[in-house]
Amino acid sequence: MHRTTAPGDPRDIPDYRALFVLDMKGYSVVDSWRMANHWEDLESMLTTAFAQSGLEFEWRYPLYRDPTGDGLILALPLARARLLVDPLAENLHRLLAGHDRERLASVAPIRVRMSVHVGPLPDSHRGDPINDLCRFVNSDAARDAVEVAEERGAFVALVLSHEAFQVIVRAGRTERLRAEDFRFTRAVVEKSSPSPRGCTCRR
């Protein structure tokens with residue numbers, strides 16, 4: 001007998017989205033009275049970096065936005081996922097580097113870790129894709145990548161899920177970044193069991 005799923009059934013597979021999360025390194029140790037300005041500086045640079053990357057409309061009108069205190073989560077149309085990887089990461093790095101050259105010694109530097117994932121996102125914006133996105137950016141691999149980036153004078157550490165890596169980088173949709181620019185690792189959060197999905201970090 002032929003059976004169909006009723007419209008609106010929660011088991012239906014929702015549209016795939018490009019998922020982006022960003023966290024600032026060391027935001028929790030910034031003086032409380034400086035936190036608002038610290039975030040405003042980063043938000044201003046994000047606005048510029050998104051515009052420079054061809055994502056001005058998506059920055060202003062994302063499908064989903066959720067501030068996280070020391071960063072934010074965005075959902076964008078899947079077709080725009082490649083721009084979150086290349087050139088956004090590089091554009092944001094240049095802006096953060098410029099900010100670092102001009103900041104007062106009393107102002108903490110801004111370094112960030114970014115994660116990009118792709119997956120089916122329901123209207124509730126809850127589910128494994130968002131959970132995995134946050135695991136990646138909070139993983140030991142992402143935190144280690146920030147330390148390596150700092151040693152190399154970089155201000156952005158980029159972490160991609162395996163799914164994002166396959167459809168963006170491996171598929172050749174980036175202009176500057178190539179597969180060899182990334183290293184494969186497994187996301188582990190706070191020394192807990194590893195995520196079921198691997199991730200890739202920019203070297």
# chains A, B, ... in the order shown; residues from 1 in each chain; ligands from 1
$ residues_around --residues "His38 in chain A" --least-positions-apart "2" --cutoff "10 Å" --atoms "only C-alpha atoms" --output "list in words"
Met24, Tyr27, Val30, Asp31, Ser32, Trp33, Arg34, Met35, Ala36, Glu40, Asp41, Leu42, Glu43, Asp70, Val107, Ala108, Pro109 and Ile110 of chain A
$ select_by_dssp --residues "chain A" --states "strand (DSSP E)" --output "compact mmCIF listing (two decimals) with C-alpha atoms, in the first residue's frame"
# COMPACT_ATOMS: atom_id res chain seq x y z
CA TYR A 16 19.24 22.39 4.39
CA ARG A 17 20.86 25.59 5.63
CA ALA A 18 24.32 27.07 5.91
CA LEU A 19 25.06 27.35 9.62
CA PHE A 20 27.63 29.72 11.08
CA VAL A 21 28.79 30.30 14.63
CA LEU A 22 31.48 32.62 15.98
CA ASP A 23 32.95 32.91 19.47
CA MET A 24 35.49 35.37 20.83
CA TYR A 64 18.03 32.81 11.89
CA ARG A 65 20.16 34.79 14.33
CA ASP A 66 20.93 33.93 17.94
CA PRO A 67 23.36 35.96 20.07
CA GLY A 71 29.39 35.53 19.72
CA LEU A 72 26.46 34.58 17.55
CA ILE A 73 24.83 31.86 15.47
CA LEU A 74 23.46 32.49 11.98
CA ALA A 75 21.54 30.40 9.47
CA LEU A 76 21.77 31.41 5.82
CA PRO A 77 20.56 29.93 2.53
CA VAL A 112 37.78 34.43 17.17
CA ARG A 113 36.98 30.88 16.26
CA MET A 114 34.42 30.29 13.54
CA SER A 115 32.57 27.13 12.63
CA VAL A 116 30.59 26.40 9.47
CA HIS A 117 28.22 23.46 9.07
CA VAL A 118 25.44 22.49 6.70
CA GLY A 119 22.35 20.55 7.62
CA PRO A 120 18.55 20.32 7.70
CA VAL A 156 40.62 33.78 12.96
CA ALA A 157 40.52 30.02 13.46
CA LEU A 158 38.14 28.32 11.03
CA VAL A 159 36.52 24.96 11.76
CA LEU A 160 34.40 23.15 9.19
CA SER A 161 32.20 20.15 9.73
CA PHE A 182 42.96 22.11 6.40
CA ARG A 183 43.77 19.29 8.77
CA PHE A 184 41.33 16.59 9.75
CA THR A 185 40.52 16.05 13.40
CA ARG A 186 37.68 14.94 15.64
CA ALA A 187 35.63 17.37 17.69
CA VAL A 188 35.82 16.70 21.42
CA PRO A 194 33.94 12.75 20.57
CA SER A 195 31.25 14.07 18.33
CA PRO A 196 29.95 11.51 15.86
CA ARG A 197 31.16 13.76 13.06
CA GLY A 198 34.70 14.80 12.31
CA CYS A 199 35.72 18.35 11.55
CA THR A 200 38.45 20.11 9.69
CA CYS A 201 40.49 23.06 10.94
CA ARG A 202 42.35 25.53 8.82
$ closest_residue --among "A:Leu55, A:Leu104, A:Ala149, A:Leu63" --to "Pro87 in chain A" --atoms "only C-alpha atoms"
A:Leu55
$ closest_residue --among "A:Arg101, A:Arg80, A:Arg152, A:Arg143" --to "Gly26 in chain A" --atoms "only C-alpha atoms"
A:Arg143
$ atom_distance --atom1 "CA of Leu177 in chain A" --atom2 "CA of Leu78 in chain A"
18.8 Å
$ residues_around --residues "range 89-95 of chain A" --least-positions-apart "6" --cutoff "7 Å" --atoms "only C-alpha atoms" --output "list in words"
Met45, Leu46, Ala49, Ala154, Phe155 and Val156 of chain A
$ closest_residue --among "A:Asp123, A:Gly8, A:Leu84, A:Glu151" --to "Arg111 in chain A" --atoms "only C-alpha atoms"
A:Glu151
$ atom_distance --atom1 "CA of Asp86 in chain A" --atom2 "CA of Val169 in chain A"
9.2 Å
$ closest_residue --among "A:Asp181, A:Glu175, A:Glu150, A:Glu102" --to "Arg82 in chain A" --atoms "only C-alpha atoms"
A:Glu175
$ atom_distance --atom1 "CA of Phe57 in chain A" --atom2 "CA of Arg176 in chain A"
22.9 Å
$ select_by_dssp --residues "range 9-174 of chain A" --states "helix (DSSP H, G or I)" --output "ChimeraX atom specification"
/A:27-29,32-52,56-60,78-85,88-102,128-137,140-151,162-170
$ closest_residue --among "A:Gly54, A:Gly98, A:Pro122, A:Pro62" --to "Asp12 in chain A" --atoms "only C-alpha atoms"
A:Pro122
$ decode --residues "range 55-70 of chain A" --atoms "N, CA, C and O atoms" --output "JSON list (two decimals), in the first residue's frame"
[["chain", "number", "residue", "atom", "x", "y", "z"],
["A", 55, "LEU", "N", 27.93, 39.13, 1.36],
["A", 55, "LEU", "CA", 26.89, 38.61, 2.25],
["A", 55, "LEU", "C", 26.19, 39.72, 3.04],
["A", 55, "LEU", "O", 25.68, 39.48, 4.13],
["A", 56, "GLU", "N", 26.18, 40.92, 2.48],
["A", 56, "GLU", "CA", 25.56, 42.04, 3.20],
["A", 56, "GLU", "C", 24.09, 41.79, 3.47],
["A", 56, "GLU", "O", 23.60, 42.02, 4.59],
["A", 57, "PHE", "N", 23.36, 41.29, 2.49],
["A", 57, "PHE", "CA", 21.93, 41.04, 2.68],
["A", 57, "PHE", "C", 21.71, 39.95, 3.72],
["A", 57, "PHE", "O", 20.84, 40.07, 4.59],
["A", 58, "GLU", "N", 22.49, 38.89, 3.64],
["A", 58, "GLU", "CA", 22.34, 37.77, 4.59],
["A", 58, "GLU", "C", 22.69, 38.19, 6.01],
["A", 58, "GLU", "O", 22.12, 37.66, 6.98],
["A", 59, "TRP", "N", 23.64, 39.11, 6.16],
["A", 59, "TRP", "CA", 23.98, 39.62, 7.49],
["A", 59, "TRP", "C", 22.82, 40.43, 8.06],
["A", 59, "TRP", "O", 22.49, 40.30, 9.24],
["A", 60, "ARG", "N", 22.20, 41.23, 7.22],
["A", 60, "ARG", "CA", 21.10, 42.08, 7.69],
["A", 60, "ARG", "C", 19.81, 41.28, 7.88],
["A", 60, "ARG", "O", 19.02, 41.59, 8.77],
["A", 61, "TYR", "N", 19.61, 40.27, 7.03],
["A", 61, "TYR", "CA", 18.35, 39.52, 7.07],
["A", 61, "TYR", "C", 18.62, 38.02, 7.06],
["A", 61, "TYR", "O", 18.27, 37.32, 6.10],
["A", 62, "PRO", "N", 19.26, 37.51, 8.10],
["A", 62, "PRO", "CA", 19.53, 36.07, 8.13],
["A", 62, "PRO", "C", 18.23, 35.28, 8.32],
["A", 62, "PRO", "O", 17.22, 35.81, 8.80],
["A", 63, "LEU", "N", 18.29, 34.02, 7.96],
["A", 63, "LEU", "CA", 17.15, 33.14, 8.21],
["A", 63, "LEU", "C", 16.96, 32.91, 9.70],
["A", 63, "LEU", "O", 15.85, 32.63, 10.17],
["A", 64, "TYR", "N", 18.06, 33.03, 10.43],
["A", 64, "TYR", "CA", 18.03, 32.81, 11.89],
["A", 64, "TYR", "C", 19.25, 33.49, 12.48],
["A", 64, "TYR", "O", 20.34, 33.44, 11.92],
["A", 65, "ARG", "N", 19.06, 34.16, 13.61],
["A", 65, "ARG", "CA", 20.16, 34.79, 14.33],
["A", 65, "ARG", "C", 19.96, 34.56, 15.82],
["A", 65, "ARG", "O", 18.85, 34.76, 16.34],
["A", 66, "ASP", "N", 21.02, 34.17, 16.50],
["A", 66, "ASP", "CA", 20.93, 33.93, 17.94],
["A", 66, "ASP", "C", 22.21, 34.41, 18.60],
["A", 66, "ASP", "O", 23.26, 33.78, 18.44],
["A", 67, "PRO", "N", 22.18, 35.53, 19.33],
["A", 67, "PRO", "CA", 23.36, 35.96, 20.07],
["A", 67, "PRO", "C", 23.70, 34.94, 21.15],
["A", 67, "PRO", "O", 22.81, 34.36, 21.78],
["A", 68, "THR", "N", 24.98, 34.72, 21.36],
["A", 68, "THR", "CA", 25.42, 33.73, 22.35],
["A", 68, "THR", "C", 26.16, 34.34, 23.52],
["A", 68, "THR", "O", 26.75, 33.63, 24.32],
["A", 69, "GLY", "N", 26.17, 35.65, 23.62],
["A", 69, "GLY", "CA", 26.92, 36.30, 24.70],
["A", 69, "GLY", "C", 28.29, 36.74, 24.23],
["A", 69, "GLY", "O", 28.61, 37.93, 24.22],
["A", 70, "ASP", "N", 29.12, 35.76, 23.82],
["A", 70, "ASP", "CA", 30.45, 36.09, 23.32],
["A", 70, "ASP", "C", 30.55, 35.85, 21.81],
["A", 70, "ASP", "O", 31.63, 35.74, 21.25]]
